[in-house]
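J.: Structure file entry.pdb (PDB, C-alpha atoms) right here:
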ATOM      1  CA  MET A   1     -18.585  41.275  38.037  1.00  0.00           C
ATOM      2  CA  LYS A   2     -16.012  44.014  38.656  1.00  0.00           C
ATOM      3  CA  LEU A   3     -18.775  46.395  39.694  1.00  0.00           C
ATOM      4  CA  VAL A   4     -20.230  43.841  42.103  1.00  0.00           C
ATOM      5  CA  PHE A   5     -16.820  43.159  43.599  1.00  0.00           C
ATOM      6  CA  SER A   6     -16.067  46.870  43.939  1.00  0.00           C
ATOM      7  CA  MET A   7     -19.284  47.289  45.932  1.00  0.00           C
ATOM      8  CA  LEU A   8     -18.379  44.342  48.154  1.00  0.00           C
ATOM      9  CA  PHE A   9     -14.902  45.806  48.544  1.00  0.00           C
ATOM     10  CA  LEU A  10     -16.283  49.142  49.754  1.00  0.00           C
ATOM     11  CA  LEU A  11     -18.658  47.395  52.159  1.00  0.00           C
ATOM     12  CA  ALA A  12     -15.809  45.320  53.540  1.00  0.00           C
ATOM     13  CA  LEU A  13     -13.675  48.408  54.064  1.00  0.00           C
ATOM     14  CA  SER A  14     -16.540  50.091  55.889  1.00  0.00           C
ATOM     15  CA  ALA A  15     -17.004  47.071  58.121  1.00  0.00           C
ATOM     16  CA  CYS A  16     -13.286  47.013  58.909  1.00  0.00           C
ATOM     17  CA  GLY A  17     -13.001  50.778  59.393  1.00  0.00           C
ATOM     18  CA  ASN A  18     -13.020  50.557  63.186  1.00  0.00           C
ATOM     19  CA  SER A  19     -10.673  47.569  63.326  1.00  0.00           C
ATOM     20  CA  PRO A  20      -7.157  48.666  62.248  1.00  0.00           C
ATOM     21  CA  GLU A  21      -5.729  45.248  63.067  1.00  0.00           C
ATOM     22  CA  LEU A  22      -7.692  43.772  60.152  1.00  0.00           C
ATOM     23  CA  GLU A  23      -5.535  45.704  57.686  1.00  0.00           C
ATOM     24  CA  THR A  24      -3.245  42.664  57.566  1.00  0.00           C
ATOM     25  CA  GLY A  25      -6.181  40.322  57.081  1.00  0.00           C
ATOM     26  CA  GLU A  26      -9.391  40.606  55.090  1.00  0.00           C
ATOM     27  CA  THR A  27      -8.724  44.160  53.920  1.00  0.00           C
ATOM     28  CA  LYS A  28      -5.238  43.343  52.672  1.00  0.00           C
ATOM     29  CA  VAL A  29      -6.466  40.357  50.680  1.00  0.00           C
ATOM     30  CA  LEU A  30      -9.301  42.390  49.172  1.00  0.00           C
ATOM     31  CA  LYS A  31      -6.933  45.209  48.167  1.00  0.00           C
ATOM     32  CA  ILE A  32      -4.537  42.793  46.463  1.00  0.00           C
ATOM     33  CA  ILE A  33      -7.268  41.058  44.477  1.00  0.00           C
ATOM     34  CA  LYS A  34      -9.042  44.289  43.557  1.00  0.00           C
ATOM     35  CA  GLY A  35      -5.777  45.727  42.260  1.00  0.00           C
ATOM     36  CA  LYS A  36      -5.365  42.741  39.987  1.00  0.00           C
ATOM     37  CA  MET A  37      -8.937  42.968  38.769  1.00  0.00           C
ATOM     38  CA  ASP A  38      -8.455  46.622  37.889  1.00  0.00           C
ATOM     39  CA  ALA A  39      -5.408  45.754  35.769  1.00  0.00           C
ATOM     40  CA  PRO A  40      -5.759  45.316  31.981  1.00  0.00           C
ATOM     41  CA  SER A  41      -7.437  42.085  30.973  1.00  0.00           C
ATOM     42  CA  GLY A  42      -5.935  39.389  28.813  1.00  0.00           C
ATOM     43  CA  ALA A  43      -3.601  36.429  29.159  1.00  0.00           C
ATOM     44  CA  SER A  44      -0.953  38.544  30.867  1.00  0.00           C
ATOM     45  CA  ALA A  45      -3.484  39.513  33.550  1.00  0.00           C
ATOM     46  CA  TYR A  46      -4.004  35.927  34.701  1.00  0.00           C
ATOM     47  CA  ILE A  47      -3.919  35.848  38.502  1.00  0.00           C
ATOM     48  CA  ASP A  48      -1.845  33.122  40.143  1.00  0.00           C
ATOM     49  CA  ALA A  49      -2.896  32.931  43.796  1.00  0.00           C
ATOM     50  CA  ARG A  50       0.347  31.175  44.683  1.00  0.00           C
ATOM     51  CA  LYS A  51       2.241  34.388  43.874  1.00  0.00           C
ATOM     52  CA  LEU A  52      -0.246  36.755  45.517  1.00  0.00           C
ATOM     53  CA  VAL A  53      -1.285  35.132  48.772  1.00  0.00           C
ATOM     54  CA  SER A  54       1.333  34.551  51.468  1.00  0.00           C
ATOM     55  CA  ARG A  55       1.151  32.638  54.729  1.00  0.00           C
ATOM     56  CA  GLU A  56       1.464  35.946  56.570  1.00  0.00           C
ATOM     57  CA  ILE A  57      -1.700  37.182  54.872  1.00  0.00           C
ATOM     58  CA  LEU A  58      -3.544  33.916  55.469  1.00  0.00           C
ATOM     59  CA  ASP A  59      -2.685  33.843  59.165  1.00  0.00           C
ATOM     60  CA  GLY A  60      -3.919  37.418  59.498  1.00  0.00           C
ATOM     61  CA  VAL A  61      -7.353  36.568  58.144  1.00  0.00           C
ATOM     62  CA  ASP A  62      -9.854  35.363  60.717  1.00  0.00           C
ATOM     63  CA  VAL A  63     -12.008  33.594  58.123  1.00  0.00           C
ATOM     64  CA  PRO A  64     -11.788  30.225  56.326  1.00  0.00           C
ATOM     65  CA  ILE A  65      -9.973  30.374  52.976  1.00  0.00           C
ATOM     66  CA  LEU A  66     -10.199  27.764  50.224  1.00  0.00           C
ATOM     67  CA  PHE A  67      -7.669  27.306  47.410  1.00  0.00           C
ATOM     68  CA  VAL A  68      -8.872  25.708  44.177  1.00  0.00           C
ATOM     69  CA  GLU A  69      -6.815  24.796  41.112  1.00  0.00           C
ATOM     70  CA  ILE A  70      -7.877  22.920  37.998  1.00  0.00           C
ATOM     71  CA  ASP A  71      -5.551  20.725  35.975  1.00  0.00           C
ATOM     72  CA  ARG A  72      -4.942  23.302  33.247  1.00  0.00           C
ATOM     73  CA  GLY A  73      -3.369  25.600  35.842  1.00  0.00           C
ATOM     74  CA  GLN A  74      -6.006  28.212  36.646  1.00  0.00           C
ATOM     75  CA  ASN A  75      -6.372  28.757  40.362  1.00  0.00           C
ATOM     76  CA  GLY A  76      -7.729  31.112  42.966  1.00  0.00           C
ATOM     77  CA  THR A  77      -8.778  31.554  46.563  1.00  0.00           C
ATOM     78  CA  LEU A  78     -12.394  31.491  47.693  1.00  0.00           C
ATOM     79  CA  SER A  79     -14.163  32.588  50.863  1.00  0.00           C
ATOM     80  CA  GLN A  80     -17.139  30.875  52.432  1.00  0.00           C
ATOM     81  CA  TYR A  81     -20.453  32.207  51.181  1.00  0.00           C
ATOM     82  CA  PRO A  82     -22.676  33.424  54.037  1.00  0.00           C
ATOM     83  CA  GLY A  83     -25.973  31.704  54.691  1.00  0.00           C
ATOM     84  CA  GLU A  84     -27.035  28.099  54.933  1.00  0.00           C
ATOM     85  CA  GLY A  85     -27.667  25.606  52.207  1.00  0.00           C
ATOM     86  CA  VAL A  86     -26.803  22.064  51.231  1.00  0.00           C
ATOM     87  CA  GLY A  87     -23.129  21.777  52.130  1.00  0.00           C
ATOM     88  CA  GLN A  88     -20.693  24.697  52.167  1.00  0.00           C
ATOM     89  CA  THR A  89     -20.537  27.090  49.235  1.00  0.00           C
ATOM     90  CA  TRP A  90     -17.312  28.979  48.550  1.00  0.00           C
ATOM     91  CA  LEU A  91     -17.244  32.146  46.429  1.00  0.00           C
ATOM     92  CA  GLY A  92     -14.441  33.370  44.174  1.00  0.00           C
ATOM     93  CA  VAL A  93     -13.715  36.951  43.148  1.00  0.00           C
ATOM     94  CA  ASP A  94     -14.951  36.237  39.614  1.00  0.00           C
ATOM     95  CA  GLY A  95     -18.305  34.972  40.915  1.00  0.00           C
ATOM     96  CA  SER A  96     -17.559  31.276  40.438  1.00  0.00           C
ATOM     97  CA  THR A  97     -18.538  28.945  43.282  1.00  0.00           C
ATOM     98  CA  VAL A  98     -17.524  25.567  44.630  1.00  0.00           C
ATOM     99  CA  THR A  99     -19.851  23.634  46.926  1.00  0.00           C
ATOM    100  CA  LEU A 100     -18.493  20.992  49.284  1.00  0.00           C
ATOM    101  CA  ASP A 101     -20.242  18.579  51.617  1.00  0.00           C
ATOM    102  CA  ASN A 102     -17.964  17.263  54.361  1.00  0.00           C
ATOM    103  CA  GLY A 103     -15.028  17.939  52.039  1.00  0.00           C
ATOM    104  CA  LEU A 104     -16.554  16.113  49.069  1.00  0.00           C
ATOM    105  CA  LEU A 105     -17.083  18.103  45.871  1.00  0.00           C
ATOM    106  CA  LYS A 106     -20.820  18.554  45.452  1.00  0.00           C
ATOM    107  CA  GLY A 107     -21.111  21.176  42.714  1.00  0.00           C
ATOM    108  CA  THR A 108     -19.548  24.045  40.769  1.00  0.00           C
ATOM    109  CA  ARG A 109     -20.928  27.154  39.096  1.00  0.00           C
ATOM    110  CA  GLY A 110     -19.389  29.697  36.747  1.00  0.00           C
ATOM    111  CA  MET A 111     -16.588  27.447  35.483  1.00  0.00           C
ATOM    112  CA  GLY A 112     -18.226  26.178  32.324  1.00  0.00           C
ATOM    113  CA  ASP A 113     -19.205  22.491  32.055  1.00  0.00           C
ATOM    114  CA  ASP A 114     -20.299  22.735  35.667  1.00  0.00           C
ATOM    115  CA  LEU A 115     -21.031  19.875  37.987  1.00  0.00           C
ATOM    116  CA  MET A 116     -24.675  20.601  38.819  1.00  0.00           C
ATOM    117  CA  GLY A 117     -24.791  18.198  41.738  1.00  0.00           C
ATOM    118  CA  SER A 118     -23.229  15.102  43.256  1.00  0.00           C
ATOM    119  CA  GLU A 119     -24.465  12.735  45.932  1.00  0.00           C
ATOM    120  CA  ILE A 120     -23.352   9.502  47.550  1.00  0.00           C
ATOM    121  CA  SER A 121     -25.423   6.784  49.187  1.00  0.00           C
ATOM    122  CA  LEU A 122     -23.903   7.040  52.674  1.00  0.00           C
ATOM    123  CA  GLU A 123     -22.607   9.589  55.181  1.00  0.00           C
ATOM    124  CA  ILE A 124     -18.838   9.652  55.616  1.00  0.00           C
ATOM    125  CA  ASN A 125     -17.192  10.137  58.997  1.00  0.00           C
ATOM    126  CA  TRP A 126     -13.562  11.000  58.293  1.00  0.00           C
ATOM    127  CA  SER A 127     -12.531  10.622  61.956  1.00  0.00           C
ATOM    128  CA  ASP A 128     -13.586   6.978  62.171  1.00  0.00           C
ATOM    129  CA  LEU A 129     -13.560   5.400  58.759  1.00  0.00           C
ATOM    130  CA  LYS A 130     -12.934   1.905  57.483  1.00  0.00           C
ATOM    131  CA  GLU A 131     -13.013   0.775  53.870  1.00  0.00           C
ATOM    132  CA  VAL A 132     -16.534   1.325  52.547  1.00  0.00           C
ATOM    133  CA  SER A 133     -18.369   0.898  49.242  1.00  0.00           C
ATOM    134  CA  TYR A 134     -21.259   3.015  47.986  1.00  0.00           C
ATOM    135  CA  LYS A 135     -22.967   4.547  44.951  1.00  0.00           C
ATOM    136  CA  ARG A 136     -22.227   8.010  43.576  1.00  0.00           C
ATOM    137  CA  ARG A 137     -24.385  10.077  41.194  1.00  0.00           C
ATOM    138  CA  MET A 138     -22.999  13.132  39.348  1.00  0.00           C
ATOM    139  CA  ALA A 139     -25.259  15.461  37.346  1.00  0.00           C
ATOM    140  CA  TYR A 140     -24.391  17.756  34.415  1.00  0.00           C
ATOM    141  CA  LEU A 141     -26.464  20.060  32.199  1.00  0.00           C
ATOM    142  CA  ARG A 142     -26.431  19.021  28.557  1.00  0.00           C
ATOM    143  CA  LEU A 143     -26.559  21.401  25.572  1.00  0.00           C
ATOM    144  CA  ASP A 144     -30.280  20.639  25.149  1.00  0.00           C
ATOM    145  CA  ASN A 145     -30.841  21.786  28.769  1.00  0.00           C
ATOM    146  CA  LYS A 146     -31.570  18.246  29.905  1.00  0.00           C
ATOM    147  CA  THR A 147     -29.792  16.736  32.868  1.00  0.00           C
ATOM    148  CA  LEU A 148     -27.192  14.035  32.327  1.00  0.00           C
ATOM    149  CA  ILE A 149     -26.627  11.819  35.372  1.00  0.00           C
ATOM    150  CA  ASN A 150     -23.594   9.550  35.559  1.00  0.00           C
ATOM    151  CA  GLU A 151     -23.693   6.749  38.121  1.00  0.00           C
ATOM    152  CA  TYR A 152     -20.660   5.086  39.675  1.00  0.00           C
ATOM    153  CA  SER A 153     -19.822   2.316  42.110  1.00  0.00           C
ATOM    154  CA  CYS A 154     -17.178   3.636  44.511  1.00  0.00           C
ATOM    155  CA  THR A 155     -14.853   2.367  47.206  1.00  0.00           C
ATOM    156  CA  LEU A 156     -13.140   4.566  49.784  1.00  0.00           C
ATOM    157  CA  THR A 157      -9.895   3.109  51.101  1.00  0.00           C
ATOM    158  CA  ASP A 158      -7.599   4.107  53.948  1.00  0.00           C
ATOM    159  CA  MET A 159      -4.099   4.150  52.448  1.00  0.00           C
ATOM    160  CA  ASN A 160      -2.684   3.505  55.945  1.00  0.00           C
ATOM    161  CA  SER A 161      -0.233   6.368  55.813  1.00  0.00           C
ATOM    162  CA  MET A 162       0.303   9.505  57.865  1.00  0.00           C
ATOM    163  CA  GLU A 163       1.950  12.274  55.874  1.00  0.00           C
ATOM    164  CA  THR A 164       3.017  15.867  56.288  1.00  0.00           C
ATOM    165  CA  ILE A 165       1.784  18.205  53.576  1.00  0.00           C
ATOM    166  CA  ASN A 166       2.772  21.819  53.060  1.00  0.00           C
ATOM    167  CA  LEU A 167       0.140  24.362  52.043  1.00  0.00           C
ATOM    168  CA  PHE A 168       1.397  27.898  51.476  1.00  0.00           C
ATOM    169  CA  ASP A 169       4.320  27.464  53.922  1.00  0.00           C
ATOM    170  CA  ALA A 170       2.309  25.745  56.654  1.00  0.00           C
ATOM    171  CA  ASP A 171       2.727  22.058  57.523  1.00  0.00           C
ATOM    172  CA  PHE A 172      -0.240  19.817  58.294  1.00  0.00           C
ATOM    173  CA  SER A 173      -0.201  16.214  59.505  1.00  0.00           C
ATOM    174  CA  VAL A 174      -2.727  14.183  57.494  1.00  0.00           C
ATOM    175  CA  LYS A 175      -3.873  10.688  56.678  1.00  0.00           C
ATOM    176  CA  HIS A 176      -4.430   9.674  53.066  1.00  0.00           C
ATOM    177  CA  MET A 177      -7.779   8.297  51.867  1.00  0.00           C
ATOM    178  CA  GLN A 178      -8.408   7.242  48.272  1.00  0.00           C
ATOM    179  CA  GLU A 179     -11.724   6.949  46.458  1.00  0.00           C
ATOM    180  CA  THR A 180     -12.017   4.781  43.335  1.00  0.00           C
ATOM    181  CA  CYS A 181     -15.176   5.083  41.212  1.00  0.00           C
ATOM    182  CA  ARG A 182     -16.236   3.116  38.145  1.00  0.00           C
ATOM    183  CA  GLY A 183     -19.276   3.450  35.899  1.00  0.00           C
ATOM    184  CA  LEU A 184     -20.493   3.417  32.305  1.00  0.00           C
ATOM    185  CA  ALA A 185     -19.124   6.947  31.815  1.00  0.00           C
ATOM    186  CA  GLY A 186     -15.624   5.868  32.841  1.00  0.00           C
ATOM    187  CA  SER A 187     -13.606   5.776  36.029  1.00  0.00           C
ATOM    188  CA  PHE A 188     -11.712   8.180  38.280  1.00  0.00           C
ATOM    189  CA  VAL A 189      -9.639   8.214  41.453  1.00  0.00           C
ATOM    190  CA  ASN A 190      -9.945  10.931  44.102  1.00  0.00           C
ATOM    191  CA  ASP A 191      -7.411  11.543  46.873  1.00  0.00           C
ATOM    192  CA  TYR A 192      -8.274  13.087  50.241  1.00  0.00           C
ATOM    193  CA  TYR A 193      -5.885  14.198  52.968  1.00  0.00           C
ATOM    194  CA  ILE A 194      -7.550  14.361  56.389  1.00  0.00           C
ATOM    195  CA  ASP A 195      -5.996  16.315  59.248  1.00  0.00           C
ATOM    196  CA  THR A 196      -5.964  15.301  62.915  1.00  0.00           C
ATOM    197  CA  GLU A 197      -9.293  17.079  63.547  1.00  0.00           C
ATOM    198  CA  GLY A 198     -11.121  15.194  60.783  1.00  0.00           C
ATOM    199  CA  LEU A 199     -11.053  18.091  58.291  1.00  0.00           C
ATOM    200  CA  VAL A 200     -10.360  17.422  54.608  1.00  0.00           C
ATOM    201  CA  ARG A 201      -7.288  19.625  54.498  1.00  0.00           C
ATOM    202  CA  ASN A 202      -6.362  18.889  50.877  1.00  0.00           C
ATOM    203  CA  SER A 203      -7.855  16.837  48.056  1.00  0.00           C
ATOM    204  CA  ARG A 204      -7.720  16.134  44.347  1.00  0.00           C
ATOM    205  CA  GLN A 205     -11.227  15.451  43.074  1.00  0.00           C
ATOM    206  CA  TYR A 206     -12.780  14.679  39.705  1.00  0.00           C
ATOM    207  CA  GLN A 207     -15.175  17.393  38.498  1.00  0.00           C
ATOM    208  CA  GLY A 208     -16.090  16.048  35.062  1.00  0.00           C
ATOM    209  CA  ALA A 209     -14.873  15.117  31.592  1.00  0.00           C
ATOM    210  CA  LYS A 210     -14.211  18.705  30.449  1.00  0.00           C
ATOM    211  CA  ILE A 211     -12.674  20.240  33.581  1.00  0.00           C
ATOM    212  CA  GLY A 212     -10.941  17.086  34.785  1.00  0.00           C
ATOM    213  CA  TYR A 213      -9.568  17.151  38.330  1.00  0.00           C
ATOM    214  CA  MET A 214      -9.583  19.970  40.863  1.00  0.00           C
ATOM    215  CA  THR A 215      -7.155  20.440  43.741  1.00  0.00           C
ATOM    216  CA  ILE A 216      -9.083  21.784  46.730  1.00  0.00           C
ATOM    217  CA  ALA A 217      -7.252  22.868  49.891  1.00  0.00           C
ATOM    218  CA  ARG A 218      -8.152  24.606  53.144  1.00  0.00           C
ATOM    219  CA  LEU A 219      -5.428  27.176  53.749  1.00  0.00           C
ATOM    220  CA  ASP A 220      -6.404  28.661  57.118  1.00  0.00           C
ATOM    221  CA  ARG A 221      -5.049  26.921  60.202  1.00  0.00           C
ATOM    222  CA  SER A 222      -8.344  27.042  62.090  1.00  0.00           C
ATOM    223  CA  LEU A 223     -10.840  24.213  62.065  1.00  0.00           C
ATOM    224  CA  ALA A 224     -13.825  24.526  59.752  1.00  0.00           C
ATOM    225  CA  ASN A 225     -17.231  25.154  61.263  1.00  0.00           C
TER     226      ASN A 225
END
Go through the file and emit its structure as structure tokens.
T.:
Amino acid sequence: MKLVFSMLFLLALSACGNSPELETGETKVLKIIKGKMDAPSGASAYIDARKLVSREILDGVDVPILFVEIDRGQNGTLSQYPGEGVGQTWLGVDGSTVTLDNGLLKGTRGMGDDLMGSEISLEINWSDLKEVSYKRRMAYLRLDNKTLINEYSCTLTDMNSMETINLFDADFSVKHMQETCRGLAGSFVNDYYIDTEGLVRNSRQYQGAKIGYMTIARLDRSLAN
């Protein structure tokens, strides 16, 4: 993966070669992450994005940036993978991916115990949403290479609150939505924080029994495409 990233790093530098103003944006982020990847491996080399990525860097990058953190503390920033597919796929430096559909976690790869896919029985409009109920299906790959599908009955509720959240030293005004799901495999509660443009600005979503919950946040100030 280091070799692949080094190649991408060189390509990015070439693309930015005629744009000196990008030194504070994409190029700066790439240099920081590459430097950490080139450091000795091991527990002491664990990268904490909260200590590496500043608001100054984020505001200098003219691309969407996603922050992901799992309950056991590992975190990182991801950039949107080019090309079209089902939902939006975000790529991390280590090759792991997170796929979202309208802010809802749809799948993960490269994390171990991945969520192979997730779907719900209706389309959600965050800008005009009342309490709704629906079915959710979440698929995982078992050790025997067969697919395990867990089914849940879910309710999405407007918590009737406007809040201000702070993400890497930037404040965002959001409304709080809460999803409660129950099924034979257990139950979970997801929280979504929707900004004034209808973007899921921050969320805490259940990935599965092994990974647990993931915090997923959009760090750039611009609206998602």
J.: Could you spell out the hits of the PyMOL selection byres ((chain A and resi 196-213) around 9) on the shown file, as a VMD selection string?
T.: chain A and resid 69 to 72 102 to 105 107 to 108 111 to 115 125 to 128 138 140 165 167 172 to 175 188 to 195 214 to 219 223 to 224
J.: Keeping C-alpha atoms for every residue in the selection just given, could you write it to a file as a PDB file, keeping the file's coordinate frame?
T.:
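Result saved to part.pdb:
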ATOM      1  CA  GLU A  69      -6.815  24.796  41.112  1.00  0.00           C
ATOM      2  CA  ILE A  70      -7.877  22.920  37.998  1.00  0.00           C
ATOM      3  CA  ASP A  71      -5.551  20.725  35.975  1.00  0.00           C
ATOM      4  CA  ARG A  72      -4.942  23.302  33.247  1.00  0.00           C
ATOM      5  CA  ASN A 102     -17.964  17.263  54.361  1.00  0.00           C
ATOM      6  CA  GLY A 103     -15.028  17.939  52.039  1.00  0.00           C
ATOM      7  CA  LEU A 104     -16.554  16.113  49.069  1.00  0.00           C
ATOM      8  CA  LEU A 105     -17.083  18.103  45.871  1.00  0.00           C
ATOM      9  CA  GLY A 107     -21.111  21.176  42.714  1.00  0.00           C
ATOM     10  CA  THR A 108     -19.548  24.045  40.769  1.00  0.00           C
ATOM     11  CA  MET A 111     -16.588  27.447  35.483  1.00  0.00           C
ATOM     12  CA  GLY A 112     -18.226  26.178  32.324  1.00  0.00           C
ATOM     13  CA  ASP A 113     -19.205  22.491  32.055  1.00  0.00           C
ATOM     14  CA  ASP A 114     -20.299  22.735  35.667  1.00  0.00           C
ATOM     15  CA  LEU A 115     -21.031  19.875  37.987  1.00  0.00           C
ATOM     16  CA  ASN A 125     -17.192  10.137  58.997  1.00  0.00           C
ATOM     17  CA  TRP A 126     -13.562  11.000  58.293  1.00  0.00           C
ATOM     18  CA  SER A 127     -12.531  10.622  61.956  1.00  0.00           C
ATOM     19  CA  ASP A 128     -13.586   6.978  62.171  1.00  0.00           C
ATOM     20  CA  MET A 138     -22.999  13.132  39.348  1.00  0.00           C
ATOM     21  CA  TYR A 140     -24.391  17.756  34.415  1.00  0.00           C
ATOM     22  CA  ILE A 165       1.784  18.205  53.576  1.00  0.00           C
ATOM     23  CA  LEU A 167       0.140  24.362  52.043  1.00  0.00           C
ATOM     24  CA  PHE A 172      -0.240  19.817  58.294  1.00  0.00           C
ATOM     25  CA  SER A 173      -0.201  16.214  59.505  1.00  0.00           C
ATOM     26  CA  VAL A 174      -2.727  14.183  57.494  1.00  0.00           C
ATOM     27  CA  LYS A 175      -3.873  10.688  56.678  1.00  0.00           C
ATOM     28  CA  PHE A 188     -11.712   8.180  38.280  1.00  0.00           C
ATOM     29  CA  VAL A 189      -9.639   8.214  41.453  1.00  0.00           C
ATOM     30  CA  ASN A 190      -9.945  10.931  44.102  1.00  0.00           C
ATOM     31  CA  ASP A 191      -7.411  11.543  46.873  1.00  0.00           C
ATOM     32  CA  TYR A 192      -8.274  13.087  50.241  1.00  0.00           C
ATOM     33  CA  TYR A 193      -5.885  14.198  52.968  1.00  0.00           C
ATOM     34  CA  ILE A 194      -7.550  14.361  56.389  1.00  0.00           C
ATOM     35  CA  ASP A 195      -5.996  16.315  59.248  1.00  0.00           C
ATOM     36  CA  MET A 214      -9.583  19.970  40.863  1.00  0.00           C
ATOM     37  CA  THR A 215      -7.155  20.440  43.741  1.00  0.00           C
ATOM     38  CA  ILE A 216      -9.083  21.784  46.730  1.00  0.00           C
ATOM     39  CA  ALA A 217      -7.252  22.868  49.891  1.00  0.00           C
ATOM     40  CA  ARG A 218      -8.152  24.606  53.144  1.00  0.00           C
ATOM     41  CA  LEU A 219      -5.428  27.176  53.749  1.00  0.00           C
ATOM     42  CA  LEU A 223     -10.840  24.213  62.065  1.00  0.00           C
ATOM     43  CA  ALA A 224     -13.825  24.526  59.752  1.00  0.00           C
TER      44      ALA A 224
END
J.: Could you name the residues that touch Glu151 (chain A) at 9 Å or less, counting only C-alpha atoms, but leaving out those on the same chain fewer than 4 positions away, as a list of chain:residue names?
T.: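 Selected residues are A:Lys135, A:Arg136, A:Arg137, A:Met138, A:Ala139, A:Arg182, A:Gly183, A:Leu184, A:Ala185.
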J.: So how many Å separate CA of Leu100 (chain A) and CA of His176 (chain A), to one decimal?
T.: 18.4 Å
J.: Given the file above and the PyMOL selection byres ((chain A and resi 154) around 9), which residues are selected, and can you give them as a list in words?
T.: Val132, Ser133, Tyr134, Lys135, Arg136, Tyr152, Ser153, Thr155, Leu156, Glu179, Thr180, Cys181, Arg182 and Gly183 of chain A
J.: Starting from the PyMOL selection byres ((chain A and resi 51-54) around 9), expand the selection into actual residues of this file and give them as a list in words.
T.: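 So the PyMOL selection byres ((chain A and resi 51-54) around 9), applied here, picks out Val29, Ile32, Ile33, Ile47, Asp48, Ala49, Arg50, Arg55, Glu56, Ile57, Leu58, Asp59, Thr77, Phe168 and Asp169 of chain A.
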J.: Interatomic distance between CA of Arg142 (chain A) and CA of Thr97 (chain A)?
T.: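 Those two atoms sit 19.4 Å apart.
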J.: Do you have the CA of Tyr81 (chain A)-CA of Arg109 (chain A) distance handy?
T.: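 Distance reported for this atom pair: 13.1 Å.
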J.: Considering only C-alpha atoms, state which residue in the set A:Pro64, A:Trp90, A:Gln74, A:Met116 is at the smallest distance from Thr147 (chain A).
T.: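 Of A:Pro64, A:Trp90, A:Gln74, A:Met116, the one nearest Thr147 (chain A) is A:Met116, counting only C-alpha atoms.
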J.: Please return the centre and edge lengths, in Å to one decimal, of a box with edges along x, y and z that contains all listed atoms of region 188-201 of chain A, widened by 6 Å on every side, as JSON.
T.:
{"center_x": -8.8, "center_y": 13.9, "center_z": 50.9, "size_x": 17.8, "size_y": 23.4, "size_z": 37.3}
J.: Between A:Leu141, A:Val63, A:Asp94, A:Leu129, which one has atoms that come closest to Gly117 (chain A), using all atoms listed in the file?
T.: A:Leu141
J.: Would you kindly identify which residues have an atom no farther than 12 Å from (-3.9, -0.2, 53.2), using all atoms listed in the file and the file's own coordinates, and write them out as number ranges by chain?
T.: A: 130-131, 156-162, 175-178
J.: Would you please work out which residue, of A:Ile65, A:Gly87, A:Glu123, A:Asp220, is nearest to Asp171 (chain A) when using all atoms listed in the file?
T.: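 The shortest atom-to-atom distance to Asp171 (chain A) comes from A:Asp220.
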J.: Taking into account all atoms listed in the file, which residue in the set A:Gly110, A:Gly60, A:Gly92, A:Gly186 is nearest to Gln80 (chain A)?
T.: A:Gly92
